[in-house]
>>> print(open('protein22.cif').read())   # mmCIF, N, CA and C atoms and all ligand atoms
data_protein
#
loop_
_atom_site.label_atom_id
_atom_site.label_comp_id
_atom_site.auth_asym_id
_atom_site.auth_seq_id
_atom_site.Cartn_x
_atom_site.Cartn_y
_atom_site.Cartn_z
N MET A 1 172.95 92.43 147.88
CA MET A 1 172.09 93.52 148.38
C MET A 1 172.69 94.87 148.04
N ILE A 2 173.99 95.00 148.31
CA ILE A 2 174.65 96.28 148.02
C ILE A 2 174.57 96.60 146.52
N SER A 3 174.79 95.56 145.71
CA SER A 3 174.75 95.83 144.27
C SER A 3 173.33 96.22 143.84
N LEU A 4 172.33 95.67 144.51
CA LEU A 4 170.95 96.06 144.20
C LEU A 4 170.72 97.54 144.53
N VAL A 5 171.24 97.95 145.70
CA VAL A 5 171.09 99.34 146.12
C VAL A 5 171.80 100.26 145.12
N ILE A 6 173.00 99.84 144.71
CA ILE A 6 173.76 100.66 143.75
C ILE A 6 172.98 100.78 142.44
N MET A 7 172.45 99.65 141.97
CA MET A 7 171.69 99.68 140.73
C MET A 7 170.45 100.56 140.86
N PHE A 8 169.83 100.47 142.03
CA PHE A 8 168.64 101.29 142.29
C PHE A 8 168.99 102.78 142.20
N VAL A 9 170.11 103.13 142.83
CA VAL A 9 170.53 104.54 142.85
C VAL A 9 170.86 105.01 141.43
N ILE A 10 171.61 104.18 140.70
CA ILE A 10 171.97 104.56 139.33
C ILE A 10 170.72 104.71 138.46
N TYR A 11 169.85 103.73 138.58
CA TYR A 11 168.62 103.76 137.78
C TYR A 11 167.83 105.03 138.06
N ASN A 12 167.66 105.33 139.36
CA ASN A 12 166.87 106.52 139.69
C ASN A 12 167.55 107.81 139.28
N THR A 13 168.88 107.85 139.38
CA THR A 13 169.59 109.05 138.95
C THR A 13 169.34 109.28 137.47
N VAL A 14 169.45 108.19 136.71
CA VAL A 14 169.25 108.33 135.26
C VAL A 14 167.82 108.75 134.95
N VAL A 15 166.87 108.06 135.57
CA VAL A 15 165.46 108.34 135.26
C VAL A 15 165.05 109.75 135.67
N TYR A 16 165.51 110.19 136.85
CA TYR A 16 165.00 111.47 137.34
C TYR A 16 165.84 112.67 136.96
N THR A 17 166.99 112.47 136.34
CA THR A 17 167.77 113.65 135.97
C THR A 17 167.70 113.93 134.48
N GLN A 18 167.23 112.94 133.71
CA GLN A 18 167.12 113.22 132.27
C GLN A 18 165.83 113.96 131.97
N GLY A 19 165.96 115.05 131.23
CA GLY A 19 164.77 115.80 130.86
C GLY A 19 163.93 115.00 129.90
N THR A 20 162.62 115.15 129.98
CA THR A 20 161.79 114.45 129.02
C THR A 20 161.84 115.23 127.70
N SER A 21 161.91 114.49 126.63
CA SER A 21 161.94 115.18 125.33
C SER A 21 160.52 115.56 124.95
N ASN A 22 160.38 116.79 124.56
CA ASN A 22 159.05 117.25 124.19
C ASN A 22 159.01 117.48 122.69
N GLU A 23 158.52 116.49 121.99
CA GLU A 23 158.55 116.60 120.53
C GLU A 23 157.25 117.10 119.93
N THR A 24 156.29 117.39 120.80
CA THR A 24 155.04 117.88 120.23
C THR A 24 155.29 119.27 119.64
N PRO A 25 154.77 119.50 118.45
CA PRO A 25 154.99 120.80 117.84
C PRO A 25 154.31 121.90 118.63
N LYS A 26 154.98 123.03 118.76
CA LYS A 26 154.42 124.14 119.51
C LYS A 26 153.40 124.87 118.64
N MET A 27 152.31 125.27 119.25
CA MET A 27 151.32 126.03 118.51
C MET A 27 151.65 127.52 118.58
N SER A 28 151.24 128.23 117.55
CA SER A 28 151.45 129.68 117.54
C SER A 28 150.47 130.34 118.51
N GLU A 29 150.78 131.58 118.89
CA GLU A 29 149.89 132.35 119.78
C GLU A 29 148.47 132.37 119.25
N GLN A 30 148.38 132.62 117.94
CA GLN A 30 147.06 132.76 117.32
C GLN A 30 146.28 131.44 117.42
N ALA A 31 146.99 130.33 117.21
CA ALA A 31 146.33 129.03 117.26
C ALA A 31 145.87 128.71 118.68
N ILE A 32 146.65 129.14 119.67
CA ILE A 32 146.27 128.91 121.07
C ILE A 32 144.99 129.68 121.38
N LYS A 33 144.90 130.89 120.85
CA LYS A 33 143.66 131.67 121.00
C LYS A 33 142.49 130.94 120.36
N GLY A 34 142.77 130.38 119.19
CA GLY A 34 141.75 129.62 118.48
C GLY A 34 141.31 128.40 119.27
N GLU A 35 142.27 127.75 119.91
CA GLU A 35 141.94 126.57 120.71
C GLU A 35 141.05 126.97 121.88
N GLN A 36 141.35 128.13 122.48
CA GLN A 36 140.50 128.61 123.58
C GLN A 36 139.08 128.83 123.10
N LEU A 37 138.95 129.46 121.93
CA LEU A 37 137.61 129.69 121.38
C LEU A 37 136.91 128.37 121.11
N TYR A 38 137.68 127.41 120.61
CA TYR A 38 137.14 126.08 120.31
C TYR A 38 136.58 125.46 121.58
N GLN A 39 137.31 125.64 122.68
CA GLN A 39 136.86 125.07 123.96
C GLN A 39 135.70 125.86 124.55
N GLU A 40 135.82 127.19 124.55
CA GLU A 40 134.77 128.03 125.15
C GLU A 40 133.43 127.83 124.45
N ASN A 41 133.48 127.60 123.14
CA ASN A 41 132.23 127.47 122.39
C ASN A 41 131.81 126.02 122.21
N ASN A 42 132.56 125.14 122.87
CA ASN A 42 132.19 123.73 122.92
C ASN A 42 132.01 123.09 121.55
N CYS A 43 132.89 123.41 120.63
CA CYS A 43 132.83 122.81 119.30
C CYS A 43 132.95 121.29 119.40
N THR A 44 133.68 120.86 120.40
CA THR A 44 133.95 119.42 120.53
C THR A 44 132.70 118.63 120.93
N ALA A 45 131.64 119.33 121.34
CA ALA A 45 130.39 118.63 121.63
C ALA A 45 129.85 117.98 120.36
N CYS A 46 130.16 118.57 119.22
CA CYS A 46 129.63 118.05 117.95
C CYS A 46 130.72 117.59 116.99
N HIS A 47 131.95 118.06 117.17
CA HIS A 47 133.02 117.74 116.22
C HIS A 47 134.12 116.90 116.85
N GLN A 48 134.84 116.17 116.01
CA GLN A 48 135.93 115.33 116.51
C GLN A 48 137.27 115.75 115.92
N PHE A 49 138.33 115.44 116.66
CA PHE A 49 139.69 115.41 116.13
C PHE A 49 140.14 113.97 116.26
N TYR A 50 140.69 113.42 115.23
CA TYR A 50 141.12 112.01 115.22
C TYR A 50 140.01 111.09 115.75
N GLY A 51 138.79 111.41 115.35
CA GLY A 51 137.67 110.54 115.71
C GLY A 51 137.13 110.72 117.11
N LEU A 52 137.74 111.61 117.90
CA LEU A 52 137.29 111.77 119.29
C LEU A 52 136.51 113.07 119.47
N GLY A 53 135.34 112.97 120.01
CA GLY A 53 134.51 114.14 120.23
C GLY A 53 133.06 113.77 120.06
N GLY A 54 132.21 114.78 119.89
CA GLY A 54 130.80 114.52 119.66
C GLY A 54 130.56 114.16 118.20
N TYR A 55 129.43 113.51 117.92
CA TYR A 55 129.23 112.98 116.57
C TYR A 55 128.10 113.62 115.78
N LEU A 56 127.68 114.82 116.20
CA LEU A 56 126.64 115.49 115.44
C LEU A 56 127.20 116.07 114.15
N GLY A 57 128.39 116.61 114.21
CA GLY A 57 129.03 117.20 113.03
C GLY A 57 130.21 116.37 112.58
N PRO A 58 130.84 116.74 111.45
CA PRO A 58 131.96 115.95 110.92
C PRO A 58 133.28 116.14 111.68
N ASP A 59 134.20 115.22 111.44
CA ASP A 59 135.54 115.29 112.01
C ASP A 59 136.28 116.48 111.38
N LEU A 60 136.99 117.26 112.21
CA LEU A 60 137.64 118.47 111.70
C LEU A 60 139.17 118.34 111.58
N THR A 61 139.70 117.15 111.81
CA THR A 61 141.17 117.00 111.80
C THR A 61 141.79 117.56 110.52
N ASN A 62 141.23 117.17 109.38
CA ASN A 62 141.85 117.58 108.11
C ASN A 62 140.94 118.49 107.29
N VAL A 63 140.09 119.24 107.97
CA VAL A 63 139.14 120.06 107.22
C VAL A 63 139.86 121.13 106.40
N ILE A 64 141.06 121.53 106.84
CA ILE A 64 141.80 122.56 106.10
C ILE A 64 142.42 122.01 104.81
N SER A 65 142.98 120.79 104.88
CA SER A 65 143.68 120.27 103.70
C SER A 65 142.82 119.38 102.81
N GLN A 66 141.58 119.11 103.24
CA GLN A 66 140.72 118.28 102.38
C GLN A 66 140.43 118.99 101.07
N LYS A 67 140.24 118.18 100.05
CA LYS A 67 139.95 118.72 98.73
C LYS A 67 138.66 119.56 98.79
N ASN A 68 138.70 120.70 98.15
CA ASN A 68 137.55 121.61 98.07
C ASN A 68 137.17 122.23 99.42
N LYS A 69 137.99 122.03 100.44
CA LYS A 69 137.73 122.72 101.70
C LYS A 69 138.93 123.61 101.98
N GLY A 70 139.03 124.19 103.16
CA GLY A 70 140.16 125.07 103.45
C GLY A 70 139.71 126.21 104.33
N PRO A 71 140.61 127.19 104.57
CA PRO A 71 140.31 128.29 105.49
C PRO A 71 139.03 129.04 105.15
N ALA A 72 138.85 129.40 103.87
CA ALA A 72 137.66 130.18 103.50
C ALA A 72 136.40 129.36 103.73
N TYR A 73 136.50 128.08 103.43
CA TYR A 73 135.37 127.16 103.63
C TYR A 73 134.99 127.10 105.10
N VAL A 74 136.00 126.97 105.96
CA VAL A 74 135.76 126.89 107.41
C VAL A 74 135.10 128.17 107.90
N LYS A 75 135.66 129.31 107.48
CA LYS A 75 135.12 130.59 107.95
C LYS A 75 133.67 130.77 107.55
N ALA A 76 133.33 130.24 106.37
CA ALA A 76 131.96 130.39 105.89
C ALA A 76 130.96 129.72 106.84
N PHE A 77 131.39 128.66 107.51
CA PHE A 77 130.49 127.95 108.41
C PHE A 77 130.30 128.69 109.74
N LEU A 78 131.35 129.41 110.18
CA LEU A 78 131.36 129.85 111.57
C LEU A 78 130.22 130.79 111.94
N ASN A 79 129.95 131.80 111.12
CA ASN A 79 128.91 132.75 111.52
C ASN A 79 127.58 132.51 110.84
N SER A 80 127.54 131.55 109.93
CA SER A 80 126.28 131.34 109.22
C SER A 80 125.42 130.27 109.88
N GLY A 81 126.07 129.27 110.44
CA GLY A 81 125.31 128.16 111.01
C GLY A 81 124.74 127.32 109.89
N ILE A 82 124.60 126.04 110.10
CA ILE A 82 124.02 125.17 109.08
C ILE A 82 123.39 123.97 109.78
N LYS A 83 122.20 123.62 109.35
CA LYS A 83 121.47 122.53 109.99
C LYS A 83 121.54 122.64 111.51
N THR A 84 122.13 121.66 112.17
CA THR A 84 122.17 121.70 113.64
C THR A 84 123.34 122.51 114.18
N MET A 85 124.21 123.02 113.29
CA MET A 85 125.33 123.82 113.80
C MET A 85 124.83 125.24 114.08
N PRO A 86 125.04 125.71 115.32
CA PRO A 86 124.50 127.04 115.66
C PRO A 86 125.27 128.16 114.95
N LYS A 87 124.64 129.32 114.88
CA LYS A 87 125.32 130.52 114.37
C LYS A 87 126.20 131.07 115.48
N PHE A 88 127.39 131.47 115.13
CA PHE A 88 128.24 132.14 116.12
C PHE A 88 128.43 133.58 115.69
N ASN A 89 128.82 134.42 116.63
CA ASN A 89 129.09 135.82 116.25
C ASN A 89 130.56 136.12 116.44
N PHE A 90 131.42 135.44 115.70
CA PHE A 90 132.85 135.67 115.84
C PHE A 90 133.27 136.91 115.06
N THR A 91 134.26 137.63 115.60
CA THR A 91 134.86 138.74 114.86
C THR A 91 135.81 138.13 113.82
N GLU A 92 136.27 138.94 112.87
CA GLU A 92 137.22 138.45 111.87
C GLU A 92 138.45 137.85 112.56
N GLU A 93 138.89 138.56 113.61
CA GLU A 93 140.08 138.13 114.34
C GLU A 93 139.87 136.74 114.95
N GLU A 94 138.68 136.54 115.52
CA GLU A 94 138.40 135.24 116.14
C GLU A 94 138.29 134.14 115.09
N LYS A 95 137.72 134.47 113.95
CA LYS A 95 137.62 133.48 112.87
C LYS A 95 139.01 133.10 112.37
N ASP A 96 139.89 134.12 112.28
CA ASP A 96 141.27 133.83 111.86
C ASP A 96 141.95 132.91 112.87
N ALA A 97 141.71 133.18 114.17
CA ALA A 97 142.34 132.37 115.21
C ALA A 97 141.85 130.92 115.14
N LEU A 98 140.54 130.75 114.99
CA LEU A 98 139.99 129.39 114.90
C LEU A 98 140.53 128.67 113.66
N THR A 99 140.61 129.39 112.56
CA THR A 99 141.12 128.78 111.33
C THR A 99 142.58 128.40 111.48
N GLN A 100 143.34 129.28 112.16
CA GLN A 100 144.75 128.97 112.39
C GLN A 100 144.89 127.73 113.28
N PHE A 101 144.03 127.63 114.29
CA PHE A 101 144.05 126.46 115.16
C PHE A 101 143.78 125.20 114.35
N LEU A 102 142.74 125.25 113.51
CA LEU A 102 142.42 124.07 112.69
C LEU A 102 143.54 123.77 111.70
N THR A 103 144.21 124.80 111.21
CA THR A 103 145.33 124.60 110.29
C THR A 103 146.46 123.85 110.98
N GLU A 104 146.76 124.25 112.22
CA GLU A 104 147.87 123.61 112.93
C GLU A 104 147.50 122.21 113.41
N VAL A 105 146.24 121.99 113.70
CA VAL A 105 145.79 120.63 114.02
C VAL A 105 145.97 119.75 112.78
N ASP A 106 145.58 120.30 111.65
CA ASP A 106 145.67 119.57 110.38
C ASP A 106 147.10 119.10 110.11
N GLN A 107 148.07 119.95 110.49
CA GLN A 107 149.47 119.61 110.21
C GLN A 107 149.99 118.45 111.05
N THR A 108 149.22 118.04 112.05
CA THR A 108 149.73 116.97 112.92
C THR A 108 149.55 115.58 112.33
N GLY A 109 148.68 115.41 111.34
CA GLY A 109 148.54 114.07 110.79
C GLY A 109 147.33 113.90 109.91
N TYR A 110 147.04 112.65 109.60
CA TYR A 110 145.91 112.33 108.73
C TYR A 110 144.85 111.56 109.51
N TYR A 111 143.60 111.91 109.27
CA TYR A 111 142.52 111.11 109.83
C TYR A 111 141.37 111.07 108.85
N PRO A 112 140.83 109.92 108.51
CA PRO A 112 141.38 108.61 108.85
C PRO A 112 142.65 108.33 108.05
N ASN A 113 143.55 107.60 108.63
CA ASN A 113 144.82 107.32 107.98
C ASN A 113 144.65 106.13 107.06
N LYS A 114 144.45 106.44 105.78
CA LYS A 114 144.08 105.36 104.86
C LYS A 114 145.28 104.66 104.26
N ASP A 115 146.47 105.24 104.44
CA ASP A 115 147.63 104.66 103.77
C ASP A 115 148.44 103.74 104.66
N ALA A 116 147.77 103.01 105.53
CA ALA A 116 148.48 102.09 106.39
C ALA A 116 148.87 100.84 105.60
N GLU A 117 150.08 100.39 105.85
CA GLU A 117 150.53 99.17 105.18
C GLU A 117 151.01 98.17 106.22
N THR A 118 150.55 96.97 106.09
CA THR A 118 150.99 95.94 107.03
C THR A 118 152.11 95.16 106.39
N SER A 119 153.27 95.14 107.06
CA SER A 119 154.39 94.39 106.50
C SER A 119 154.30 92.93 106.94
N ALA A 120 155.13 92.10 106.31
CA ALA A 120 155.10 90.67 106.60
C ALA A 120 155.41 90.39 108.07
N SER A 121 156.20 91.30 108.69
CA SER A 121 156.56 91.09 110.09
C SER A 121 155.42 91.45 111.04
N GLY A 122 154.36 92.03 110.49
CA GLY A 122 153.22 92.35 111.33
C GLY A 122 153.16 93.81 111.73
N TRP A 123 154.22 94.58 111.44
CA TRP A 123 154.19 96.00 111.79
C TRP A 123 153.29 96.74 110.84
N VAL A 124 152.56 97.71 111.39
CA VAL A 124 151.71 98.53 110.53
C VAL A 124 152.38 99.89 110.36
N GLY A 125 152.66 100.23 109.10
CA GLY A 125 153.29 101.51 108.82
C GLY A 125 152.22 102.51 108.40
N ILE A 126 152.22 103.67 109.05
CA ILE A 126 151.24 104.69 108.66
C ILE A 126 151.95 105.93 108.15
N LYS A 127 151.20 106.75 107.43
CA LYS A 127 151.77 107.96 106.85
C LYS A 127 151.69 109.09 107.87
N TYR A 128 152.79 109.82 108.06
CA TYR A 128 152.80 110.95 108.98
C TYR A 128 152.97 112.24 108.21
N LYS A 129 152.48 113.32 108.80
CA LYS A 129 152.83 114.64 108.27
C LYS A 129 154.05 115.10 109.05
N ASN A 130 154.68 116.17 108.61
CA ASN A 130 155.84 116.73 109.33
C ASN A 130 156.98 115.75 109.50
N ARG A 131 157.15 114.81 108.58
CA ARG A 131 158.27 113.90 108.73
C ARG A 131 158.98 113.68 107.43
C1 LIG B 201 125.43 121.69 118.01
C2 LIG B 201 126.47 121.06 117.24
C3 LIG B 201 127.59 121.87 116.66
C4 LIG B 201 128.44 122.74 117.29
C5 LIG B 201 128.42 123.17 118.76
C6 LIG B 201 129.40 123.17 116.31
N1 LIG B 201 129.14 122.57 115.11
FE1 LIG B 201 130.24 122.77 113.41
N2 LIG B 201 128.94 121.57 112.41
C7 LIG B 201 127.86 120.92 112.99
C8 LIG B 201 127.19 120.11 111.96
C9 LIG B 201 125.98 119.24 112.17
C10 LIG B 201 127.92 120.33 110.75
C11 LIG B 201 127.62 119.71 109.38
C12 LIG B 201 126.73 120.61 108.60
C13 LIG B 201 126.53 120.08 107.19
O1 LIG B 201 127.51 119.90 106.49
O2 LIG B 201 125.40 119.86 106.82
C14 LIG B 201 129.00 121.24 111.08
C15 LIG B 201 129.95 121.67 110.16
C16 LIG B 201 131.10 122.37 110.50
C17 LIG B 201 132.20 122.65 109.60
C18 LIG B 201 132.32 122.16 108.16
C19 LIG B 201 133.00 120.80 108.21
C20 LIG B 201 133.06 120.05 106.93
O3 LIG B 201 133.96 119.20 106.80
O4 LIG B 201 132.22 120.28 106.04
C21 LIG B 201 133.13 123.35 110.30
C22 LIG B 201 134.48 123.83 109.81
C23 LIG B 201 132.61 123.51 111.64
N3 LIG B 201 131.38 122.91 111.73
C24 LIG B 201 133.30 124.18 112.66
C25 LIG B 201 132.79 124.37 113.93
C26 LIG B 201 133.46 125.12 114.95
C27 LIG B 201 134.82 125.76 114.81
C28 LIG B 201 132.64 125.12 116.04
C29 LIG B 201 132.85 125.81 117.36
C30 LIG B 201 133.06 127.24 117.31
C31 LIG B 201 131.47 124.32 115.70
N4 LIG B 201 131.59 123.89 114.42
C32 LIG B 201 130.42 124.06 116.57
C33 LIG B 201 127.46 120.98 114.30
C34 LIG B 201 128.05 121.77 115.29
#
>>> encode(input="protein22.cif", output="structure tokens")
Amino acid sequence: MISLVIMFVIYNTVVYTQGTSNETPKMSEQAIKGEQLYQENNCTACHQFYGLGGYLGPDLTNVISQKNKGPAYVKAFLNSGIKTMPKFNFTEEEKDALTQFLTEVDQTGYYPNKDAETSASGWVGIKYKNR
């Protein structure tokens, strides 16, 4: 019983005194502003990141790094509207912030991740960005 109590105390000391490692990349001020705009204007009602979101418009995870797309391409959509995408009245500054947000989202990974390889042991290896 005593050894159980000792183990309990040690376990809890270790668990509750070690800081959690925060490896998520920090976003820039500008990107955080962009994220706010993304939320306030409910872009996620129609767009997805990593497949999650509304399905009226395309996934935006890699819209910045996709071939023939990029910051200028994204900005062109924002105030013009297309098909079911509404017109917005963003200032240049707001468009830059949104583009910066999408740029930093893009840097987090690939979607869909097409370069997955299954090894003989059953592990699936996927390609990461920032590594
Ligand atoms: C009511 C639904 C709707 C909302 C809200 C919406 N969009 Fe869209 N968006 C669309 C649709 C639909 C398309 C596809 C248009 C096409 O290519 O014909 C699109 C296309 C885009 C594209 C081009 C993507 C590509 O890969 O070609 C970008 C970038 C984009 N939207 C950004 C945004 C941002 C940022 C917001 C929020 C400020 C937003 N959208 C809000 C429906 C929406």
>>> residues_around(input="protein22.cif", residues="Phe88 of chain A", least_positions_apart="3", cutoff="8 Å", atoms="all atoms listed in the file", output="list in words")
Phe77, Leu78, Asn79, Ser80, Gly81, Ile82, Met85 and Thr91 of chain A
>>> residues_near_ligand(input="protein22.cif", ligand="ligand LIG 201 (chain B)", cutoff="6.5 Å", atoms="only N, CA and C atoms and all ligand atoms", output="MDAnalysis selection string")
chainID A and resid 37:38 41:47 56:60 63 73:75 77:78 82:86 98
>>> closest_residue(input="protein22.cif", among="A:Thr118, A:Asn62, A:Asn113, A:Gln30", to="Thr99 of chain A", atoms="all atoms listed in the file")
A:Gln30
>>> select_by_dssp(input="protein22.cif", residues="segment 10-100 of chain A", states="alpha helix (DSSP H)", output="number ranges by chain")
A: 10-17, 29-40, 71-78, 92-100
>>> atom_distance(input="protein22.cif", atom1="atom N of Lys127 of chain A", atom2="atom CA of Pro112 of chain A")
10.1 Å
>>> atom_distance(input="protein22.cif", atom1="atom CA of Trp123 of chain A", atom2="atom CA of Thr108 of chain A")
21.5 Å
>>> closest_residue(input="protein22.cif", among="A:Pro71, A:Gly34, A:Gly109, A:Gly51", to="Phe90 of chain A", atoms="only C-alpha atoms")
A:Gly34
>>> decode(input="protein22.cif", residues="segment 15-103 of chain A", atoms="C-alpha atoms", output="PDB file, in the first residue's frame")
ATOM      1  CA  VAL A  15       2.738  14.521 -14.742  1.00  0.00           C
ATOM      2  CA  TYR A  16       1.737  17.825 -13.182  1.00  0.00           C
ATOM      3  CA  THR A  17       5.084  19.571 -13.009  1.00  0.00           C
ATOM      4  CA  GLN A  18       6.287  18.954 -16.535  1.00  0.00           C
ATOM      5  CA  GLY A  19       5.310  21.688 -18.935  1.00  0.00           C
ATOM      6  CA  THR A  20       3.474  20.559 -22.015  1.00  0.00           C
ATOM      7  CA  SER A  21       5.513  21.005 -25.137  1.00  0.00           C
ATOM      8  CA  ASN A  22       3.859  23.303 -27.579  1.00  0.00           C
ATOM      9  CA  GLU A  23       5.147  22.458 -30.997  1.00  0.00           C
ATOM     10  CA  THR A  24       2.449  24.105 -33.013  1.00  0.00           C
ATOM     11  CA  PRO A  25       3.973  26.832 -35.123  1.00  0.00           C
ATOM     12  CA  LYS A  26       3.104  30.330 -33.973  1.00  0.00           C
ATOM     13  CA  MET A  27       1.186  32.483 -36.394  1.00  0.00           C
ATOM     14  CA  SER A  28       2.261  36.016 -37.182  1.00  0.00           C
ATOM     15  CA  GLU A  29       0.174  38.994 -36.024  1.00  0.00           C
ATOM     16  CA  GLN A  30      -0.992  39.550 -39.575  1.00  0.00           C
ATOM     17  CA  ALA A  31      -2.094  35.931 -39.972  1.00  0.00           C
ATOM     18  CA  ILE A  32      -4.034  36.094 -36.695  1.00  0.00           C
ATOM     19  CA  LYS A  33      -5.875  39.117 -38.057  1.00  0.00           C
ATOM     20  CA  GLY A  34      -6.551  37.122 -41.192  1.00  0.00           C
ATOM     21  CA  GLU A  35      -7.893  34.244 -39.144  1.00  0.00           C
ATOM     22  CA  GLN A  36     -10.274  36.625 -37.378  1.00  0.00           C
ATOM     23  CA  LEU A  37     -11.528  37.872 -40.736  1.00  0.00           C
ATOM     24  CA  TYR A  38     -11.891  34.274 -41.878  1.00  0.00           C
ATOM     25  CA  GLN A  39     -14.064  33.565 -38.847  1.00  0.00           C
ATOM     26  CA  GLU A  40     -16.056  36.815 -38.867  1.00  0.00           C
ATOM     27  CA  ASN A  41     -16.955  36.351 -42.523  1.00  0.00           C
ATOM     28  CA  ASN A  42     -17.748  32.694 -42.060  1.00  0.00           C
ATOM     29  CA  CYS A  43     -15.538  31.451 -44.885  1.00  0.00           C
ATOM     30  CA  THR A  44     -15.632  28.053 -43.245  1.00  0.00           C
ATOM     31  CA  ALA A  45     -19.340  27.749 -44.053  1.00  0.00           C
ATOM     32  CA  CYS A  46     -18.260  27.005 -47.620  1.00  0.00           C
ATOM     33  CA  HIS A  47     -14.536  26.187 -47.437  1.00  0.00           C
ATOM     34  CA  GLN A  48     -12.503  23.484 -45.731  1.00  0.00           C
ATOM     35  CA  PHE A  49      -9.062  23.116 -44.190  1.00  0.00           C
ATOM     36  CA  TYR A  50      -7.846  19.521 -44.248  1.00  0.00           C
ATOM     37  CA  GLY A  51     -11.248  18.485 -45.534  1.00  0.00           C
ATOM     38  CA  LEU A  52     -13.177  20.004 -42.627  1.00  0.00           C
ATOM     39  CA  GLY A  53     -15.717  22.734 -43.199  1.00  0.00           C
ATOM     40  CA  GLY A  54     -18.570  23.490 -45.545  1.00  0.00           C
ATOM     41  CA  TYR A  55     -18.608  21.927 -48.999  1.00  0.00           C
ATOM     42  CA  LEU A  56     -19.948  24.628 -51.276  1.00  0.00           C
ATOM     43  CA  GLY A  57     -16.469  25.885 -52.189  1.00  0.00           C
ATOM     44  CA  PRO A  58     -13.084  24.157 -52.558  1.00  0.00           C
ATOM     45  CA  ASP A  59     -10.621  23.179 -49.828  1.00  0.00           C
ATOM     46  CA  LEU A  60      -8.240  26.063 -49.065  1.00  0.00           C
ATOM     47  CA  THR A  61      -5.454  24.219 -47.221  1.00  0.00           C
ATOM     48  CA  ASN A  62      -2.974  24.452 -50.083  1.00  0.00           C
ATOM     49  CA  VAL A  63      -4.536  27.158 -52.210  1.00  0.00           C
ATOM     50  CA  ILE A  64      -1.361  29.254 -51.874  1.00  0.00           C
ATOM     51  CA  SER A  65       1.133  26.605 -53.007  1.00  0.00           C
ATOM     52  CA  GLN A  66      -1.027  24.877 -55.617  1.00  0.00           C
ATOM     53  CA  LYS A  67       0.158  25.138 -59.174  1.00  0.00           C
ATOM     54  CA  ASN A  68      -1.189  28.225 -60.946  1.00  0.00           C
ATOM     55  CA  LYS A  69      -2.675  29.561 -57.714  1.00  0.00           C
ATOM     56  CA  GLY A  70      -1.128  31.743 -55.003  1.00  0.00           C
ATOM     57  CA  PRO A  71      -1.574  35.058 -53.164  1.00  0.00           C
ATOM     58  CA  ALA A  72      -2.621  37.090 -56.220  1.00  0.00           C
ATOM     59  CA  TYR A  73      -5.058  34.368 -57.239  1.00  0.00           C
ATOM     60  CA  VAL A  74      -6.623  34.323 -53.764  1.00  0.00           C
ATOM     61  CA  LYS A  75      -6.937  38.105 -53.630  1.00  0.00           C
ATOM     62  CA  ALA A  76      -8.675  38.113 -56.987  1.00  0.00           C
ATOM     63  CA  PHE A  77     -11.505  36.043 -55.512  1.00  0.00           C
ATOM     64  CA  LEU A  78     -12.055  38.049 -52.356  1.00  0.00           C
ATOM     65  CA  ASN A  79     -13.751  41.196 -53.622  1.00  0.00           C
ATOM     66  CA  SER A  80     -15.074  39.944 -56.920  1.00  0.00           C
ATOM     67  CA  GLY A  81     -17.208  37.020 -55.838  1.00  0.00           C
ATOM     68  CA  ILE A  82     -17.774  34.068 -58.140  1.00  0.00           C
ATOM     69  CA  LYS A  83     -20.764  31.808 -58.609  1.00  0.00           C
ATOM     70  CA  THR A  84     -22.073  31.167 -55.088  1.00  0.00           C
ATOM     71  CA  MET A  85     -19.152  32.920 -53.385  1.00  0.00           C
ATOM     72  CA  PRO A  86     -20.343  36.337 -52.199  1.00  0.00           C
ATOM     73  CA  LYS A  87     -18.545  39.602 -52.928  1.00  0.00           C
ATOM     74  CA  PHE A  88     -16.677  40.992 -49.963  1.00  0.00           C
ATOM     75  CA  ASN A  89     -15.515  44.554 -49.444  1.00  0.00           C
ATOM     76  CA  PHE A  90     -12.099  43.945 -47.934  1.00  0.00           C
ATOM     77  CA  THR A  91      -9.478  46.691 -47.800  1.00  0.00           C
ATOM     78  CA  GLU A  92      -6.008  45.930 -49.219  1.00  0.00           C
ATOM     79  CA  GLU A  93      -4.814  45.454 -45.656  1.00  0.00           C
ATOM     80  CA  GLU A  94      -7.536  42.917 -44.910  1.00  0.00           C
ATOM     81  CA  LYS A  95      -6.830  41.026 -48.129  1.00  0.00           C
ATOM     82  CA  ASP A  96      -3.148  40.887 -47.193  1.00  0.00           C
ATOM     83  CA  ALA A  97      -4.066  39.553 -43.744  1.00  0.00           C
ATOM     84  CA  LEU A  98      -6.336  36.850 -45.176  1.00  0.00           C
ATOM     85  CA  THR A  99      -3.691  35.864 -47.705  1.00  0.00           C
ATOM     86  CA  GLN A 100      -1.060  35.715 -44.980  1.00  0.00           C
ATOM     87  CA  PHE A 101      -3.360  33.495 -42.909  1.00  0.00           C
ATOM     88  CA  LEU A 102      -3.872  31.144 -45.857  1.00  0.00           C
ATOM     89  CA  THR A 103      -0.109  31.166 -46.497  1.00  0.00           C
TER      90      THR A 103
END
